[in-house]
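Enquirer: Structure file target11.cif, mmCIF, C-alpha atoms, is pasted below:
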data_model
loop_
_atom_site.label_atom_id
_atom_site.label_comp_id
_atom_site.auth_asym_id
_atom_site.auth_seq_id
_atom_site.Cartn_x
_atom_site.Cartn_y
_atom_site.Cartn_z
CA MET J 1 30.47 -39.93 56.83
CA ALA J 2 27.64 -37.58 55.94
CA ILE J 3 30.14 -34.86 55.07
CA HIS J 4 32.02 -37.24 52.75
CA GLU J 5 28.81 -38.27 50.98
CA SER J 6 27.79 -34.61 50.66
CA THR J 7 31.18 -33.76 49.09
CA ASP J 8 30.87 -36.66 46.64
CA GLU J 9 27.38 -35.54 45.64
CA LEU J 10 28.65 -31.98 45.13
CA LEU J 11 31.47 -33.23 42.89
CA VAL J 12 29.00 -35.32 40.91
CA ASP J 13 26.72 -32.28 40.49
CA ILE J 14 29.67 -30.17 39.31
CA LYS J 15 30.72 -32.81 36.78
CA LEU J 16 27.15 -33.15 35.52
CA ALA J 17 26.93 -29.36 35.20
CA GLU J 18 30.21 -29.31 33.23
CA VAL J 19 28.99 -32.09 30.95
CA SER J 20 25.69 -30.27 30.47
CA TYR J 21 27.52 -27.00 29.67
CA LEU J 22 29.84 -28.73 27.19
CA ARG J 23 26.89 -30.44 25.54
CA LYS J 24 25.00 -27.16 25.19
CA PHE J 25 28.11 -25.43 23.87
CA TYR J 26 28.66 -28.21 21.31
CA LEU J 27 25.04 -28.16 20.15
CA SER J 28 25.09 -24.37 19.80
CA GLN J 29 28.39 -24.45 17.87
CA GLU J 30 27.98 -27.82 16.13
CA LYS J 31 28.09 -26.38 12.63
CA LYS J 32 31.34 -24.48 13.26
CA ILE J 33 32.97 -27.36 15.18
CA LEU J 34 32.19 -30.03 12.58
CA GLY J 35 33.01 -27.69 9.70
CA GLY J 36 36.31 -26.66 11.28
CA ALA J 37 37.23 -30.28 12.06
CA ALA J 38 36.46 -31.40 8.50
CA PHE J 39 38.48 -28.52 7.06
CA ALA J 40 41.45 -29.17 9.37
CA THR J 41 41.39 -32.90 8.52
CA PHE J 42 41.33 -32.07 4.82
CA LEU J 43 44.33 -29.73 5.15
CA ILE J 44 46.31 -32.30 7.16
CA LEU J 45 45.66 -35.07 4.64
CA TRP J 46 46.50 -32.71 1.77
CA GLU J 47 49.76 -31.68 3.46
CA LEU J 48 50.76 -35.30 4.10
CA THR J 49 49.90 -36.32 0.55
CA GLY J 50 51.47 -33.40 -1.27
CA ASN J 51 54.47 -32.44 0.86
CA THR J 52 55.39 -34.74 3.75
CA PHE J 53 55.26 -38.07 1.96
CA GLN J 54 55.07 -36.64 -1.59
CA TRP J 55 52.75 -39.38 -2.80
CA ILE J 56 51.82 -36.92 -5.56
CA ASN J 57 54.38 -34.86 -7.44
CA PRO J 58 54.22 -31.24 -6.08
CA MET J 59 54.43 -30.06 -9.69
CA PHE J 60 50.91 -31.40 -10.24
CA MET J 61 49.42 -31.02 -6.75
CA SER J 62 50.90 -28.53 -4.30
CA ALA J 63 50.41 -28.58 -0.50
CA PRO J 64 48.99 -26.05 1.99
CA SER J 65 52.42 -25.16 3.41
CA LEU J 66 53.85 -24.59 -0.07
CA ILE J 67 50.84 -22.51 -1.11
CA PHE J 68 51.11 -20.41 2.05
CA LYS J 69 54.84 -19.91 1.45
CA ALA J 70 54.18 -18.85 -2.16
CA ALA J 71 51.44 -16.42 -1.06
CA VAL J 72 53.70 -14.82 1.57
CA GLU J 73 56.47 -14.40 -0.98
CA MET J 74 54.13 -12.91 -3.60
CA PHE J 75 52.72 -10.37 -1.15
CA ARG J 76 56.15 -9.62 0.32
CA SER J 77 57.67 -8.92 -3.08
CA GLY J 78 54.63 -6.89 -4.17
CA ASP J 79 54.25 -8.77 -7.45
CA ILE J 80 50.61 -9.57 -6.82
CA TYR J 81 49.31 -6.11 -5.93
CA HIS J 82 49.00 -4.88 -9.50
CA ASP J 83 47.10 -8.03 -10.48
CA LEU J 84 44.76 -7.59 -7.50
CA TYR J 85 44.17 -3.96 -8.46
CA VAL J 86 43.35 -4.81 -12.08
CA SER J 87 41.01 -7.66 -11.18
CA GLY J 88 39.36 -5.53 -8.48
CA VAL J 89 38.70 -2.66 -10.89
CA GLU J 90 37.27 -5.06 -13.47
CA PHE J 91 35.05 -6.81 -10.92
CA LEU J 92 33.69 -3.64 -9.32
CA GLY J 93 33.15 -1.96 -12.69
CA GLY J 94 31.25 -4.90 -14.20
CA TYR J 95 29.32 -5.75 -11.03
CA PHE J 96 28.09 -2.25 -10.23
CA LEU J 97 27.25 -1.62 -13.90
CA ALA J 98 25.20 -4.83 -13.85
CA ALA J 99 23.38 -3.66 -10.71
CA ALA J 100 22.78 -0.18 -12.17
CA VAL J 101 21.23 -1.69 -15.31
CA GLY J 102 19.66 -4.88 -13.95
CA ILE J 103 17.66 -3.42 -11.05
CA PRO J 104 15.79 -0.62 -12.86
CA PHE J 105 15.34 -2.67 -16.03
CA GLY J 106 14.03 -5.63 -14.01
CA ILE J 107 11.55 -3.33 -12.25
CA ILE J 108 10.32 -1.96 -15.59
CA VAL J 109 9.91 -5.42 -17.13
CA GLY J 110 8.16 -6.74 -14.03
CA TRP J 111 5.87 -3.73 -13.58
CA TYR J 112 4.74 -3.08 -17.17
CA LYS J 113 3.14 -5.98 -19.00
CA ARG J 114 3.94 -4.64 -22.46
CA ALA J 115 7.62 -4.29 -21.51
CA SER J 116 7.51 -7.88 -20.29
CA TYR J 117 5.99 -9.06 -23.57
CA LEU J 118 8.66 -7.19 -25.54
CA PHE J 119 11.80 -8.06 -23.57
CA ASP J 120 11.16 -11.41 -21.84
CA PRO J 121 12.07 -13.51 -24.92
CA PHE J 122 15.40 -11.69 -25.26
CA ILE J 123 16.13 -11.86 -21.52
CA ASN J 124 15.42 -15.58 -21.36
CA ALA J 125 17.45 -16.28 -24.50
CA MET J 126 20.46 -14.30 -23.29
CA ASN J 127 20.25 -15.87 -19.85
CA ALA J 128 20.38 -19.33 -21.44
CA THR J 129 23.36 -18.41 -23.63
CA PRO J 130 26.78 -19.20 -22.11
CA ARG J 131 28.53 -15.89 -21.64
CA VAL J 132 31.84 -17.52 -22.58
CA ALA J 133 30.49 -17.92 -26.12
CA LEU J 134 30.13 -14.13 -26.34
CA LEU J 135 33.67 -13.43 -25.18
CA PRO J 136 35.26 -13.33 -28.66
CA LEU J 137 32.64 -10.82 -29.79
CA VAL J 138 33.13 -8.70 -26.67
CA ILE J 139 36.89 -8.62 -27.30
CA ILE J 140 36.34 -7.68 -30.96
CA TRP J 141 34.05 -4.84 -29.89
CA LEU J 142 35.93 -3.60 -26.80
CA GLY J 143 39.52 -4.78 -27.33
CA ILE J 144 41.69 -6.75 -24.90
CA GLY J 145 41.89 -4.05 -22.23
CA ILE J 146 39.87 -3.60 -19.06
CA LEU J 147 36.71 -2.64 -20.96
CA SER J 148 36.29 -6.10 -22.45
CA LYS J 149 36.62 -7.69 -19.00
CA VAL J 150 34.07 -5.26 -17.58
CA GLY J 151 31.79 -6.20 -20.48
CA ILE J 152 31.97 -9.96 -19.89
CA ILE J 153 31.57 -9.48 -16.11
CA PHE J 154 28.54 -7.29 -16.80
CA LEU J 155 27.01 -9.95 -19.04
CA GLY J 156 27.69 -12.62 -16.45
CA ALA J 157 26.12 -10.74 -13.54
CA VAL J 158 23.33 -8.65 -15.01
CA PHE J 159 20.82 -11.42 -15.74
CA SER J 160 20.86 -12.82 -12.19
CA ILE J 161 20.01 -9.35 -10.91
CA LEU J 162 17.52 -8.53 -13.67
CA ILE J 163 15.56 -11.81 -13.49
CA ASN J 164 15.34 -11.83 -9.70
CA THR J 165 14.19 -8.21 -9.68
CA ARG J 166 11.62 -8.89 -12.40
CA ASP J 167 10.25 -11.93 -10.58
CA GLY J 168 10.17 -10.00 -7.31
CA VAL J 169 7.94 -7.35 -8.85
CA LYS J 170 5.69 -9.95 -10.49
CA THR J 171 5.20 -11.89 -7.23
CA THR J 172 4.02 -8.89 -5.22
CA PRO J 173 0.91 -10.11 -3.34
CA VAL J 174 -2.23 -9.14 -5.25
CA ASN J 175 -4.22 -8.54 -2.07
CA LEU J 176 -1.74 -5.84 -1.01
CA LEU J 177 -1.97 -4.17 -4.42
CA ASN J 178 -5.78 -4.24 -4.31
CA ALA J 179 -5.80 -2.88 -0.77
CA ALA J 180 -3.54 0.04 -1.70
CA ARG J 181 -5.60 0.86 -4.80
CA SER J 182 -8.86 0.62 -2.88
CA PHE J 183 -7.63 3.46 -0.69
CA GLY J 184 -7.06 5.59 -3.79
CA ALA J 185 -3.27 5.25 -3.95
CA SER J 186 -1.69 6.34 -7.22
CA GLU J 187 0.42 3.92 -9.22
CA TRP J 188 3.55 5.65 -7.96
CA MET J 189 2.40 5.31 -4.35
CA VAL J 190 1.53 1.64 -4.92
CA PHE J 191 4.96 1.02 -6.34
CA LYS J 192 6.77 2.98 -3.63
CA THR J 193 4.92 1.58 -0.62
CA VAL J 194 4.05 -1.97 -1.75
CA VAL J 195 5.93 -3.22 -4.80
CA PHE J 196 9.43 -1.95 -4.11
CA PRO J 197 9.61 -3.06 -0.45
CA SER J 198 8.43 -6.57 -1.36
CA THR J 199 10.98 -6.68 -4.20
CA ILE J 200 14.04 -5.77 -2.10
CA PRO J 201 14.66 -9.35 -0.85
CA PHE J 202 14.62 -10.58 -4.45
CA ILE J 203 17.02 -7.83 -5.51
CA LEU J 204 19.43 -8.83 -2.74
CA THR J 205 19.20 -12.48 -3.80
CA GLY J 206 20.07 -11.45 -7.34
CA LEU J 207 23.01 -9.37 -6.12
CA ARG J 208 24.28 -12.31 -4.06
CA LEU J 209 24.06 -14.74 -6.99
CA ALA J 210 25.68 -12.17 -9.26
CA VAL J 211 28.86 -12.13 -7.13
CA GLY J 212 29.74 -15.65 -8.24
CA ARG J 213 28.83 -14.93 -11.87
CA ALA J 214 30.95 -11.78 -11.83
CA LEU J 215 33.99 -13.62 -10.42
CA VAL J 216 33.62 -16.25 -13.14
CA GLY J 217 33.59 -13.39 -15.64
CA VAL J 218 36.82 -11.99 -14.18
CA LEU J 219 38.55 -15.35 -14.40
CA VAL J 220 37.31 -16.25 -17.87
CA GLY J 221 38.07 -12.81 -19.30
CA GLU J 222 41.60 -12.80 -17.92
CA LEU J 223 42.29 -16.38 -18.96
CA TYR J 224 41.24 -15.62 -22.54
CA ALA J 225 42.97 -12.33 -23.24
CA ALA J 226 44.73 -10.18 -20.65
CA THR J 227 48.09 -8.74 -19.70
CA ALA J 228 47.39 -8.42 -15.95
CA GLY J 229 45.02 -9.65 -13.27
CA ILE J 230 44.66 -12.71 -11.05
CA GLY J 231 43.32 -14.78 -13.94
CA PHE J 232 46.33 -13.81 -16.03
CA MET J 233 48.61 -14.72 -13.11
CA ILE J 234 46.95 -18.15 -12.92
CA THR J 235 47.49 -18.63 -16.67
CA VAL J 236 51.19 -17.78 -16.47
CA ALA J 237 51.73 -19.89 -13.35
CA GLY J 238 49.94 -22.87 -14.90
CA ALA J 239 51.96 -22.62 -18.10
CA THR J 240 55.21 -22.72 -16.09
CA PHE J 241 54.02 -25.51 -13.72
CA GLN J 242 54.03 -23.23 -10.64
CA THR J 243 51.14 -25.09 -9.03
CA ASP J 244 51.46 -23.28 -5.72
CA LYS J 245 50.90 -19.90 -7.41
CA VAL J 246 47.91 -21.31 -9.29
CA PHE J 247 46.35 -22.30 -5.97
CA VAL J 248 47.08 -18.84 -4.55
CA GLY J 249 45.06 -17.31 -7.39
CA VAL J 250 42.24 -19.82 -7.00
CA LEU J 251 42.08 -19.14 -3.25
CA ILE J 252 41.93 -15.39 -3.85
CA PHE J 253 38.85 -15.91 -6.06
CA ALA J 254 37.31 -18.33 -3.55
CA VAL J 255 37.84 -16.10 -0.51
CA SER J 256 36.63 -13.00 -2.36
CA GLY J 257 33.46 -14.80 -3.41
CA MET J 258 32.84 -16.17 0.09
CA ILE J 259 33.26 -12.74 1.70
CA GLY J 260 31.04 -11.00 -0.84
CA MET J 261 28.27 -13.60 -0.67
CA GLU J 262 28.39 -13.78 3.13
CA LEU J 263 28.00 -10.01 3.45
CA LEU J 264 25.06 -9.97 1.05
CA THR J 265 23.51 -13.00 2.78
CA LYS J 266 23.55 -11.15 6.11
CA ILE J 267 21.97 -8.09 4.51
CA GLU J 268 19.41 -10.33 2.77
CA ARG J 269 18.39 -11.95 6.08
CA ARG J 270 17.53 -8.53 7.50
CA PHE J 271 14.91 -8.15 4.75
CA ASP J 272 13.54 -11.71 4.82
CA LYS J 273 10.44 -10.55 6.66
CA TRP J 274 9.66 -8.34 3.66
CA ARG J 275 9.58 -11.36 1.35
CA PRO J 276 6.01 -12.25 0.26
CA GLN J 277 4.81 -15.49 1.88
CA VAL J 278 3.57 -18.40 -0.18
CA GLY J 279 -0.17 -18.06 -0.60
CA ALA J 280 -0.21 -14.39 0.39
CA SER J 281 -1.79 -13.41 -2.90
CA GLU J 282 -4.52 -16.05 -2.73
#
Please express what this file holds, its structure, as structure tokens.

Expert:
Amino acid sequence: MAIHESTDELLVDIKLAEVSYLRKFYLSQEKKILGGAAFATFLILWELTGNTFQWINPMFMSAPSLIFKAAVEMFRSGDIYHDLYVSGVEFLGGYFLAAAVGIPFGIIVGWYKRASYLFDPFINAMNATPRVALLPLVIIWLGIGILSKVGIIFLGAVFSILINTRDGVKTTPVNLLNAARSFGASEWMVFKTVVFPSTIPFILTGLRLAVGRALVGVLVGELYAATAGIGFMITVAGATFQTDKVFVGVLIFAVSGMIGMELLTKIERRFDKWRPQVGASE
């Protein structure tokens, strides 16, 4: 009898341990589990609505299986590779040009008061201006080739980088600046050892935000005037009611943006400790 009771208690302890383990696992992975479940439910409902029961005409709303089939066919035939190459060249050209201009110019405007007085009105005005409104002018100046797309991507991305960099320099804790100067550090040493390190998190934030702006620039530029690219592919597919191909293009933009922003977010987190704390300059 005692052995039986001991076995039952052992089984109960094992079950409690399993429940405890599952609970801990769920709590540690709750974000991924709930996110994955929501995404899977959405895909199932979309598939049932758009393909299985066809409650909505596939011409107007495709389904995941049809989109996947279209994507496989496009990659298998090789039709999409040239469009990916063109859009990739445009994105990288505009984005890295924006970083090359926005970071040093933002540092200058944030570091020198007179430069701030001179350029801040123009920076704020251009940042408030929809870049789409400038697209006709950019095309007039640079033509309908890749240069015009690089130009609109540059305009879309540069101000996120520039403004974040400028604000990062301006929010450098005053007590750190005073401490460095009290030890006789030159302006260059102050900038190199205090200002620039505290500005890096802001620069990375600007680069992360600029990814989305740059992708919008790619899409808008290719929708308006282009002969190749993912945006151009979306335009052609939409005009011929190939909804599945439209969704393939949209997903390419979405996945590219998610990957780029996730990578920069991880890099940004590594430098979070360098970010000035609220009240540090008081």

Enquirer: To verify the selection step, state as a list of chain:residue names which residues the PyMOL selection byres ((chain J and resi 206-213) around 8) yields on this input.

Expert: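 Here the PyMOL selection byres ((chain J and resi 206-213) around 8) matches J:Tyr95, J:Ala99, J:Ile153, J:Gly156, J:Ala157, J:Val158, J:Ser160, J:Ile161, J:Leu162, J:Ile163, J:Asn164, J:Thr165, J:Phe202, J:Ile203, J:Leu204, J:Thr205, J:Ala214, J:Leu215, J:Val216, J:Gly217, J:Gly257, J:Gly260, J:Met261, J:Leu264, J:Thr265.
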
Enquirer: One decimal, in Å: what's the spacing between atom CA of Ile67 of chain J and atom CA of Gly238 of chain J?

Expert: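 The value is 13.8 Å.
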
Enquirer: Closest to Gln242 of chain J among J:Ser62, J:Thr193, J:Ser116, J:Gln29, using all atoms listed in the file?

Expert: J:Ser62

Enquirer: If the PyMOL selection byres ((chain J and resi 63) around 7) is run on the structure shown, which residues does it catch, given as a ChimeraX atom specification?

Expert: /J:46-47,50-51,61-62,64-67

Enquirer: Restricting the calculation to all atoms listed in the file: of J:Asn178, J:Met189, J:Pro173, J:Glu222, which residue gets closest to Ile152 of chain J?

Expert: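 Of J:Asn178, J:Met189, J:Pro173, J:Glu222, the one nearest Ile152 of chain J, counting all atoms listed in the file, is J:Glu222.
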
Enquirer: Mind giving me the straight-line distance from atom CA of Phe39 of chain J to atom CA of Leu223 of chain J in Å, one decimal?

Expert: 29.0 Å

Enquirer: Take atom CA of Phe60 of chain J and atom CA of Val72 of chain J and report the distance between them in Å, one decimal.

Expert: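 Going from atom CA of Phe60 of chain J over to atom CA of Val72 of chain J, I get 20.5 Å.
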
Enquirer: For the file shown, report as a list in words the outcome of the PyMOL selection byres ((chain J and resi 237) around 12) at residue level.

Expert: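 Taken over the shown coordinates, the PyMOL selection byres ((chain J and resi 237) around 12) returns Met59, Phe60, Ala70, Leu223, Ile230, Gly231, Phe232, Met233, Ile234, Thr235, Val236, Gly238, Ala239, Thr240, Phe241, Gln242, Thr243, Asp244, Lys245, Val246, Phe247, Val248, Gly249 and Val250 of chain J.
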
Enquirer: Find the residue from J:Ser87, J:Glu187, J:Gly106, J:Met74 that sits nearest to Phe119 of chain J; use all atoms listed in the file when measuring.

Expert: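 Nearest candidate to Phe119 of chain J out of J:Ser87, J:Glu187, J:Gly106, J:Met74: J:Gly106.
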
Enquirer: List the spatial neighbours of Leu176 of chain J as a PyMOL selection string - criterion: any atom at most 10 Å away, all atoms listed in the file, same-chain residues fewer than 4 positions off excluded.

Expert: chain J and resi 172+180-182+190+193-195+280-281

Enquirer: Rank nothing, just name the residue among J:Val220, J:Ile107, J:Ala125, J:Ile140 nearest to Lys170 of chain J, using all atoms listed in the file.

Expert: J:Ile107

Enquirer: Report as a PDB file with C-alpha atoms, keeping the file's coordinate frame all protein, DNA and RNA residues lying within 10 Å of Ile139 of chain J, evaluated on only C-alpha atoms, omitting residues in the same chain fewer than 3 positions from it.

Expert:
ATOM      1  CA  LEU J 134      30.130 -14.130 -26.340  1.00  0.00           C
ATOM      2  CA  LEU J 135      33.670 -13.430 -25.180  1.00  0.00           C
ATOM      3  CA  PRO J 136      35.260 -13.330 -28.660  1.00  0.00           C
ATOM      4  CA  LEU J 142      35.930  -3.600 -26.800  1.00  0.00           C
ATOM      5  CA  GLY J 143      39.520  -4.780 -27.330  1.00  0.00           C
ATOM      6  CA  ILE J 144      41.690  -6.750 -24.900  1.00  0.00           C
ATOM      7  CA  GLY J 145      41.890  -4.050 -22.230  1.00  0.00           C
ATOM      8  CA  LEU J 147      36.710  -2.640 -20.960  1.00  0.00           C
ATOM      9  CA  SER J 148      36.290  -6.100 -22.450  1.00  0.00           C
ATOM     10  CA  LYS J 149      36.620  -7.690 -19.000  1.00  0.00           C
ATOM     11  CA  GLY J 151      31.790  -6.200 -20.480  1.00  0.00           C
ATOM     12  CA  ILE J 152      31.970  -9.960 -19.890  1.00  0.00           C
ATOM     13  CA  GLY J 221      38.070 -12.810 -19.300  1.00  0.00           C
ATOM     14  CA  TYR J 224      41.240 -15.620 -22.540  1.00  0.00           C
ATOM     15  CA  ALA J 225      42.970 -12.330 -23.240  1.00  0.00           C
TER      16      ALA J 225
END

Enquirer: Complete segment 233-252 of chain J with N, CA and C atoms (output as a PDB file, in the coordinates of the input).

Expert:
ATOM      1  N   MET J 233      47.575 -14.128 -13.957  1.00  0.00           N
ATOM      2  CA  MET J 233      48.610 -14.720 -13.110  1.00  0.00           C
ATOM      3  C   MET J 233      48.456 -16.235 -13.049  1.00  0.00           C
ATOM      4  N   ILE J 234      47.206 -16.712 -12.941  1.00  0.00           N
ATOM      5  CA  ILE J 234      46.950 -18.150 -12.920  1.00  0.00           C
ATOM      6  C   ILE J 234      47.380 -18.788 -14.238  1.00  0.00           C
ATOM      7  N   THR J 235      47.109 -18.115 -15.352  1.00  0.00           N
ATOM      8  CA  THR J 235      47.490 -18.630 -16.670  1.00  0.00           C
ATOM      9  C   THR J 235      49.004 -18.787 -16.780  1.00  0.00           C
ATOM     10  N   VAL J 236      49.731 -17.746 -16.393  1.00  0.00           N
ATOM     11  CA  VAL J 236      51.190 -17.780 -16.470  1.00  0.00           C
ATOM     12  C   VAL J 236      51.763 -18.846 -15.545  1.00  0.00           C
ATOM     13  N   ALA J 237      51.233 -18.904 -14.311  1.00  0.00           N
ATOM     14  CA  ALA J 237      51.730 -19.890 -13.350  1.00  0.00           C
ATOM     15  C   ALA J 237      51.439 -21.309 -13.811  1.00  0.00           C
ATOM     16  N   GLY J 238      50.273 -21.535 -14.396  1.00  0.00           N
ATOM     17  CA  GLY J 238      49.940 -22.870 -14.900  1.00  0.00           C
ATOM     18  C   GLY J 238      50.818 -23.273 -16.070  1.00  0.00           C
ATOM     19  N   ALA J 239      51.119 -22.313 -16.950  1.00  0.00           N
ATOM     20  CA  ALA J 239      51.960 -22.620 -18.100  1.00  0.00           C
ATOM     21  C   ALA J 239      53.391 -22.947 -17.712  1.00  0.00           C
ATOM     22  N   THR J 240      53.842 -22.466 -16.562  1.00  0.00           N
ATOM     23  CA  THR J 240      55.210 -22.720 -16.090  1.00  0.00           C
ATOM     24  C   THR J 240      55.239 -23.733 -14.935  1.00  0.00           C
ATOM     25  N   PHE J 241      54.119 -24.449 -14.726  1.00  0.00           N
ATOM     26  CA  PHE J 241      54.020 -25.510 -13.720  1.00  0.00           C
ATOM     27  C   PHE J 241      54.301 -25.014 -12.291  1.00  0.00           C
ATOM     28  N   GLN J 242      53.931 -23.760 -12.009  1.00  0.00           N
ATOM     29  CA  GLN J 242      54.030 -23.230 -10.640  1.00  0.00           C
ATOM     30  C   GLN J 242      52.676 -23.450  -9.948  1.00  0.00           C
ATOM     31  N   THR J 243      52.450 -24.700  -9.561  1.00  0.00           N
ATOM     32  CA  THR J 243      51.140 -25.090  -9.030  1.00  0.00           C
ATOM     33  C   THR J 243      50.766 -24.309  -7.772  1.00  0.00           C
ATOM     34  N   ASP J 244      51.765 -24.010  -6.948  1.00  0.00           N
ATOM     35  CA  ASP J 244      51.460 -23.280  -5.720  1.00  0.00           C
ATOM     36  C   ASP J 244      50.895 -21.899  -6.022  1.00  0.00           C
ATOM     37  N   LYS J 245      51.424 -21.218  -7.033  1.00  0.00           N
ATOM     38  CA  LYS J 245      50.900 -19.900  -7.410  1.00  0.00           C
ATOM     39  C   LYS J 245      49.504 -20.009  -8.028  1.00  0.00           C
ATOM     40  N   VAL J 246      49.254 -21.093  -8.749  1.00  0.00           N
ATOM     41  CA  VAL J 246      47.910 -21.310  -9.290  1.00  0.00           C
ATOM     42  C   VAL J 246      46.906 -21.402  -8.148  1.00  0.00           C
ATOM     43  N   PHE J 247      47.255 -22.159  -7.108  1.00  0.00           N
ATOM     44  CA  PHE J 247      46.350 -22.300  -5.970  1.00  0.00           C
ATOM     45  C   PHE J 247      46.176 -20.985  -5.223  1.00  0.00           C
ATOM     46  N   VAL J 248      47.206 -20.160  -5.172  1.00  0.00           N
ATOM     47  CA  VAL J 248      47.080 -18.840  -4.550  1.00  0.00           C
ATOM     48  C   VAL J 248      46.008 -18.026  -5.276  1.00  0.00           C
ATOM     49  N   GLY J 249      46.060 -18.026  -6.601  1.00  0.00           N
ATOM     50  CA  GLY J 249      45.060 -17.310  -7.390  1.00  0.00           C
ATOM     51  C   GLY J 249      43.661 -17.858  -7.196  1.00  0.00           C
ATOM     52  N   VAL J 250      43.546 -19.191  -7.196  1.00  0.00           N
ATOM     53  CA  VAL J 250      42.240 -19.820  -7.000  1.00  0.00           C
ATOM     54  C   VAL J 250      41.679 -19.464  -5.627  1.00  0.00           C
ATOM     55  N   LEU J 251      42.528 -19.483  -4.599  1.00  0.00           N
ATOM     56  CA  LEU J 251      42.080 -19.140  -3.250  1.00  0.00           C
ATOM     57  C   LEU J 251      41.648 -17.685  -3.140  1.00  0.00           C
ATOM     58  N   ILE J 252      42.323 -16.803  -3.863  1.00  0.00           N
ATOM     59  CA  ILE J 252      41.930 -15.390  -3.850  1.00  0.00           C
ATOM     60  C   ILE J 252      40.506 -15.246  -4.398  1.00  0.00           C
TER      61      ILE J 252
END
